[in-house]
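What follows is a single structure, written as structure tokens, with notes after it.
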Amino acid sequence: MCQVDEDYHDGLERAEVPSVSKKCVKCKEASAAVVIRAGDTYCRGCFKEYFIHKFRAMLGKNRIIFPGEKVLLAVSGGSSSSSMLSQVQEGLSQNAHKKLRFLPGIVYIDEGGAVGQSVEERRRTVAELQAVFKATGFPFHMVPLEQVLDLPSSVVVTAPAASEQPASAYKAAVDHFIQSDSSSCSTPQDHEQTSVPEVQESHTQLLQQLVGSAQTLTARQDLLNTLRHHLLVHTARTEGYSKLMLGDNCTRVAVKLLTSISLGRGAQLAQDTGFSDSRYGDIILVRPMRDYSAKEIAYYNHMFRVPSVFIPGGDTKTTDKASIQRLTESFVTKLQADFPSTVSTIYRTSEKLQTACRKSSTADQADRCLLCMCALDTAVENASAFQATLTSEQLSQNKPSGATGTETLRPNPAPVEQESTAPSGQCCSSGGEDCGRAERGGGGCCSSAKEPERTDLKSLLCYSCQLTIKDMSSLERLPQYILSEAQRRQRRSQMREEISEFLLDDGDEGS
Amino acid sequence: MAAPVAIHLEFGGGAELLFNGVKEHHVTLPSQSEPWDMKQLLVWIQRNLLKERPELFVQGDSVRPGILVLINDADWELMGELDYQLQDQDNVVFISTLHGG
Amino acid sequence: MCTFQPPTARLCCRRVSHALFSGEEELTVHDETTCYLTQSCKTYLVYVRKVIFYQYFSSCISSPHSQFRPRFIGNFVKMPVLCSSCTEKRAVLKRPKTGHSLCKGCFFWAFEEEVHQTIVAAKLFKPGEIVGIAASGGKDSTVLAHVMKLLNERYNYGLELMLLSVDEGITGYRDDSLETVKRNQQQYELPLKIVSYEELYGWTMDAIVKQVGLKNNCTFCGVFRRQALDRGAIMLKVDKICTGHNADDVAETVLMNVLRGDIARLRRCTAISTASEGEGVVPRCKPLKYAYEKEIVLYAYFKKLDYFSTECIYSPNAYRGYARTFLKDLESVRPSSIIDIIHSGENLSVREGVKMPVQGTCNRCGYISSQALCKSCVLLEGLNRGLPKLGIGKHHRLHDKILSQQPLTEKEERKLKSVDF
């Protein structure tokens, strides 16, 4: 009897409680609900307006996506990419203030196979996301990561970029688009349902072996990242999209920047974190969410009921020191808690970096990393960190070069010790998988048949991807498209070497 | 003595994984001499709801950096954070913004 | 104690360490290290244990009998890891940069040879040059002095070497470490010049801390030291200064500049040497740029070098502490991280059109400066006027006032006076 009363009473009371002390800085009327950056408090309505405006401002400012262009949104189910999807929906809606004018599609990469999810779990996640995607009315593609095993080699070859569009072309294109019948795109067409491709168990196993061959979580994350990108770009190409939207938010960009630096990816920083990334040539990667902090997105999604699906990954519930990626994330979030400008400062650093790929369009394939597709940063220059590492490696191995001077420093070895060479050999003969890891880069150990293959592949990789490969127990498990492209490049460079003396105009080899 | 407080808790963004995947919890905090505040609530959650890895949820006497808190749909920074005194029927949301949840 | 990833490793960790600690002769490496650790730093104990444990663990799992039976521990004790270079002697350390295990002799050779390679590859010196070694008495500069002298003789660089020290005037720290430098002078038979803050600026660090407190004292110390070294170098007619900055220091600076968003410094900080920037500035270089701090400490330890190992008594820069801890954590996850970060720094490309400060000279002392007054003069002015905050933060608009010796307004003075900033 009293319960009803109580409930009612409570509702009244709660409304009266001056729970929110501050007013919105924008409208200065409504009570604030969100604090963003240094003490900027927004009420619900103003926060929504600000959030929506920022998305369109970002796309408008960069003028990269042309009207009528097909754009593929990479949605992982996480809060950032789900928020991106909702912003595109919002921007395309009839009553939108500054309407977006491109044709969106959605791609979801199901990585469940790589992180050991059961078939049921994967089905459930896919079904959940499918429901979300269907509701948007956009065409969508559900792609299991296993498909990466069947990619063609063309994925790791930079395609020629679409002809350079001058800045003025953007305005012309917009005008043209408005004049022509724009209604055709705004009405969601009846898209044929993309059914989820069946995954063979053997494929999942192969994928697991591939991912499992990376023996550190750092290398595994890096490898997964590369494979995911390849599959995304391939999907975009085969489905006729020219832009790929990624959901990286400001916090992620900051973490990624610091992670990339720690992984030796300094040369690729701008591509890894910038607004647009043209390393694949024809498909341009775009990061429209990079102005939003993780907090803004989480609050927006919660307040305006943006559906997202949390999918545990390989690093879920791991400790801070499980991988360089995790460690960096926890470092940045902790620092951010103490110094609230951390993320925005790091983010601003990324703005000041070179965005254009060095000699992007003309670069020879041989100058690009086989895995991450960035320009190689391994030209051995005098006095560089890379050179210093090579020197260290040489000097630490059983090589006669160091021996001459060493004689004077160390006394002659006792002959008895000769016998004890056996155990270090034993470590290898049993072919332990972890051997390669424990003796990382060790010269004496693991000189089995796979060693030459590793060195060969190395020359095709950038500094950081070489580190990832170093952490892998076997390279045979790499997908065929990578291995065959590696062979092709090797053959080509061999050929080039053979004919080099006949070439007249070759600055590189001539000197 | 303060009366028991019935509140609604919600975990999201992957934080729910530390609570057996359960996102929503209707709980009643027992009556105690002082009124319930957020600081005490965190201790209570850790003792009564948290299933594993407490360090991934709380750090020191606050939530782990990267986990956001909303009290009645407003940023807890506006509500006094740890000092906020819980009212009956309050709604508290914890959202993880961390990559692995 | 054990920070290994595989859970099995953690399980057997205690047993292994027990075996290691209770075994007999094989534990000499360990005991040595433990002894030395007590005087310097706990992290190295963890490191050395990890090395030993790692080697044990790898031999265990690759063996056909994968159970951790006592006889395997026995095996391990009988079969130490051998040096990967000479393949004869027992290894004493695992190199963080490459993962190789080396014996003492091969380690010394490799370490020295690498510094030599760095010097040659970067063309740091020319024959006949007078080179001042910035010596603080700490591990880095002691190893630098030792290696420079050794390489100069081994490879006939033809350099005239000198030690150059700065006395900041910190009782209980610098006065003790200067004693070490003075001993080094005898040991290495090199001339030594000490320049003190007191004679250059009229202020000791002790006095500065009394006025400014512990929060920003490192700013004063760092700015003053840079100029002090240059002045000392000019007095000695030195052509170049080399400093003991190691790979860890450089990597840490890269991280710091990212965290501060300082793109100009980020671009400069990985350079191995500074070009001659003008009057009053002597070119500097870092021969130990690619040497890991761990190896420097191990080198100093195994060579039994005489160095001073106490932290400065005035609290170090807190923000830098974060970067330092992060770097150490990174190193424990992937030991090559430090050199990887330097590689990143060396390959950064900065966008064209990003504003870079223009270097000019200080109107008062003629030292290089991007402002009308150099940082050092501003800080000094602040100290002398009792306005310590003058040099902290941005007060560029006040520089003209100071130069023309105009009085500051009361409001300005009040803002700059408070010590608890």
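Residue numbering restarts at 1 for every chain of the structure tokens, chains are lettered A, B, ... in their displayed order, and ligands are numbered from 1 as they appear.
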Q: Excluding Leu210 in chain A and residues on its chain fewer than 4 positions from it, collect all residues at most 12 Å away from it, counting only C-alpha atoms, and give them as a list in words.
A: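 With the cut-off at 12 Å, the set is Gly113, Ala114, Val115, Leu145, Glu146, Val148, Leu149, His203, Thr204, Gln205, Leu206, Ala214, Gln215, Ala219, Arg220, Leu223, Leu224, Leu227, Ile469, Met472, Ser473, Ser474, Leu475, Glu476, Arg477, Leu478, Pro479 and Gln480 of chain A.
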Can you spit out the residues from that selection as a short mmCIF file (atom, residue, chain, number, x, y, z; two decimals), in the first residue's frame, using C-alpha atoms?
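Output file selection-v3.cif follows:
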```cif
data_model
loop_
_atom_site.label_atom_id
_atom_site.label_comp_id
_atom_site.auth_asym_id
_atom_site.auth_seq_id
_atom_site.Cartn_x
_atom_site.Cartn_y
_atom_site.Cartn_z
CA GLY A 113 38.22 -17.38 -34.63
CA ALA A 114 41.53 -15.76 -33.78
CA VAL A 115 40.77 -15.22 -30.11
CA LEU A 145 38.79 -13.09 -40.32
CA GLU A 146 39.42 -16.58 -41.67
CA VAL A 148 42.29 -13.47 -44.79
CA LEU A 149 43.76 -16.85 -45.64
CA HIS A 203 40.22 -22.55 -41.65
CA THR A 204 39.70 -21.46 -38.08
CA GLN A 205 42.43 -23.84 -37.03
CA LEU A 206 44.81 -22.45 -39.61
CA ALA A 214 53.29 -15.01 -32.65
CA GLN A 215 54.70 -15.71 -29.24
CA ALA A 219 53.49 -9.30 -31.85
CA ARG A 220 50.11 -11.03 -31.93
CA LEU A 223 49.92 -9.13 -36.66
CA LEU A 224 46.16 -9.16 -36.13
CA LEU A 227 45.65 -8.88 -41.20
CA ILE A 469 58.39 -11.43 -37.30
CA MET A 472 57.11 -15.52 -34.43
CA SER A 473 58.07 -19.14 -34.10
CA SER A 474 57.42 -20.00 -37.70
CA LEU A 475 56.68 -18.08 -40.83
CA GLU A 476 55.22 -20.99 -42.76
CA ARG A 477 51.88 -20.23 -41.24
CA LEU A 478 51.67 -16.80 -42.80
CA PRO A 479 48.86 -16.63 -45.35
CA GLN A 480 49.74 -17.65 -48.88
#
```
Q.
Give me, as a PyMOL selection string, the residues of chain A touching chain B, with the criterion being at most 10 Å (counting only C-alpha atoms).
A. chain A and resi 7+10-11+14+17-22+31-36+39+41+43-44+78-80+251-252+293-295+297-299+302-303+308-320+325-326+329-338
Q) Skipping near chain neighbours, those fewer than 5 positions away, what residues fall within 9 Å of Ile194 in chain C using only C-alpha atoms, listed as a PyMOL selection string? A) chain C and resi 163-167+178+232
Q.
Among range 233-294 of chain C, which residues does DSSP mark as helix (DSSP H, G or I) when it is run on the backbone? Keep the chain and numbering as in the structure and answer as a list in words.
A. Ala233, Ile234, Met235, Ala247, Asp248, Asp249, Val250, Ala251, Glu252, Thr253, Val254, Leu255, Met256, Asn257, Val258, Leu259, Arg260, Ile263, Ala264, Arg265, Leu266, Arg267, Arg268, Glu293 and Lys294 of chain C
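Interatomic distance, CA of Pro152 in chain A against CA of His234 in chain A: 8.7 Å.
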Give the strand (DSSP E) residues of range 105-308 of chain A, as assigned by DSSP on the backbone, as a short mmCIF file (atom, residue, chain, number, x, y, z; two decimals) with N, CA, C and O atoms, in the first residue's frame.
```cif
data_model
loop_
_atom_site.label_atom_id
_atom_site.label_comp_id
_atom_site.auth_asym_id
_atom_site.auth_seq_id
_atom_site.Cartn_x
_atom_site.Cartn_y
_atom_site.Cartn_z
N GLY A 105 28.30 1.98 -46.50
CA GLY A 105 28.11 0.55 -46.33
C GLY A 105 28.84 0.17 -45.06
O GLY A 105 29.66 0.96 -44.55
N ILE A 106 28.56 -0.98 -44.51
CA ILE A 106 29.18 -1.38 -43.25
C ILE A 106 29.96 -2.67 -43.45
O ILE A 106 29.51 -3.57 -44.17
N VAL A 107 31.11 -2.75 -42.82
CA VAL A 107 31.82 -4.02 -42.80
C VAL A 107 32.15 -4.37 -41.35
O VAL A 107 32.53 -3.51 -40.55
N TYR A 108 31.93 -5.63 -41.00
CA TYR A 108 32.30 -6.11 -39.68
C TYR A 108 33.22 -7.29 -39.87
O TYR A 108 32.91 -8.23 -40.61
N ILE A 109 34.40 -7.25 -39.23
CA ILE A 109 35.32 -8.37 -39.30
C ILE A 109 35.13 -9.20 -38.02
O ILE A 109 35.34 -8.69 -36.92
N ASP A 110 34.73 -10.43 -38.18
CA ASP A 110 34.52 -11.31 -37.04
C ASP A 110 35.84 -11.99 -36.71
O ASP A 110 36.30 -12.88 -37.42
N PHE A 140 25.46 -4.14 -45.69
CA PHE A 140 26.54 -4.52 -44.75
C PHE A 140 27.17 -5.84 -45.14
O PHE A 140 26.57 -6.65 -45.85
N HIS A 141 28.41 -6.01 -44.69
CA HIS A 141 29.18 -7.20 -45.02
C HIS A 141 29.74 -7.79 -43.73
O HIS A 141 30.45 -7.10 -43.01
N MET A 142 29.39 -9.03 -43.43
CA MET A 142 29.92 -9.69 -42.25
C MET A 142 31.04 -10.62 -42.73
O MET A 142 30.78 -11.58 -43.44
N VAL A 143 32.27 -10.28 -42.36
CA VAL A 143 33.40 -11.03 -42.90
C VAL A 143 34.18 -11.72 -41.79
O VAL A 143 34.70 -11.04 -40.89
N PRO A 144 34.24 -13.04 -41.81
CA PRO A 144 35.06 -13.71 -40.81
C PRO A 144 36.55 -13.52 -41.12
O PRO A 144 36.93 -13.53 -42.31
N LYS A 243 36.54 4.65 -50.05
CA LYS A 243 37.01 5.16 -48.76
C LYS A 243 36.65 4.15 -47.68
O LYS A 243 35.61 3.47 -47.77
N LEU A 244 37.51 4.09 -46.69
CA LEU A 244 37.26 3.19 -45.57
C LEU A 244 37.31 4.01 -44.29
O LEU A 244 38.34 4.62 -43.98
N MET A 245 36.19 4.06 -43.56
CA MET A 245 36.16 4.86 -42.34
C MET A 245 36.47 4.01 -41.13
O MET A 245 35.84 2.97 -40.91
N SER A 276 43.67 11.03 -42.72
CA SER A 276 43.57 10.11 -43.85
C SER A 276 44.89 9.39 -44.08
O SER A 276 45.95 9.88 -43.72
N ASP A 277 44.80 8.23 -44.66
CA ASP A 277 45.94 7.34 -44.82
C ASP A 277 45.84 6.73 -46.21
O ASP A 277 44.89 6.03 -46.52
N ILE A 284 41.34 4.89 -49.57
CA ILE A 284 41.87 5.82 -48.58
C ILE A 284 41.22 5.52 -47.22
O ILE A 284 39.99 5.44 -47.13
N LEU A 285 42.05 5.37 -46.20
CA LEU A 285 41.53 5.16 -44.86
C LEU A 285 41.27 6.52 -44.23
O LEU A 285 42.10 7.43 -44.32
N VAL A 286 40.11 6.66 -43.59
CA VAL A 286 39.73 7.94 -43.00
C VAL A 286 39.35 7.74 -41.54
O VAL A 286 38.72 6.75 -41.19
#
```
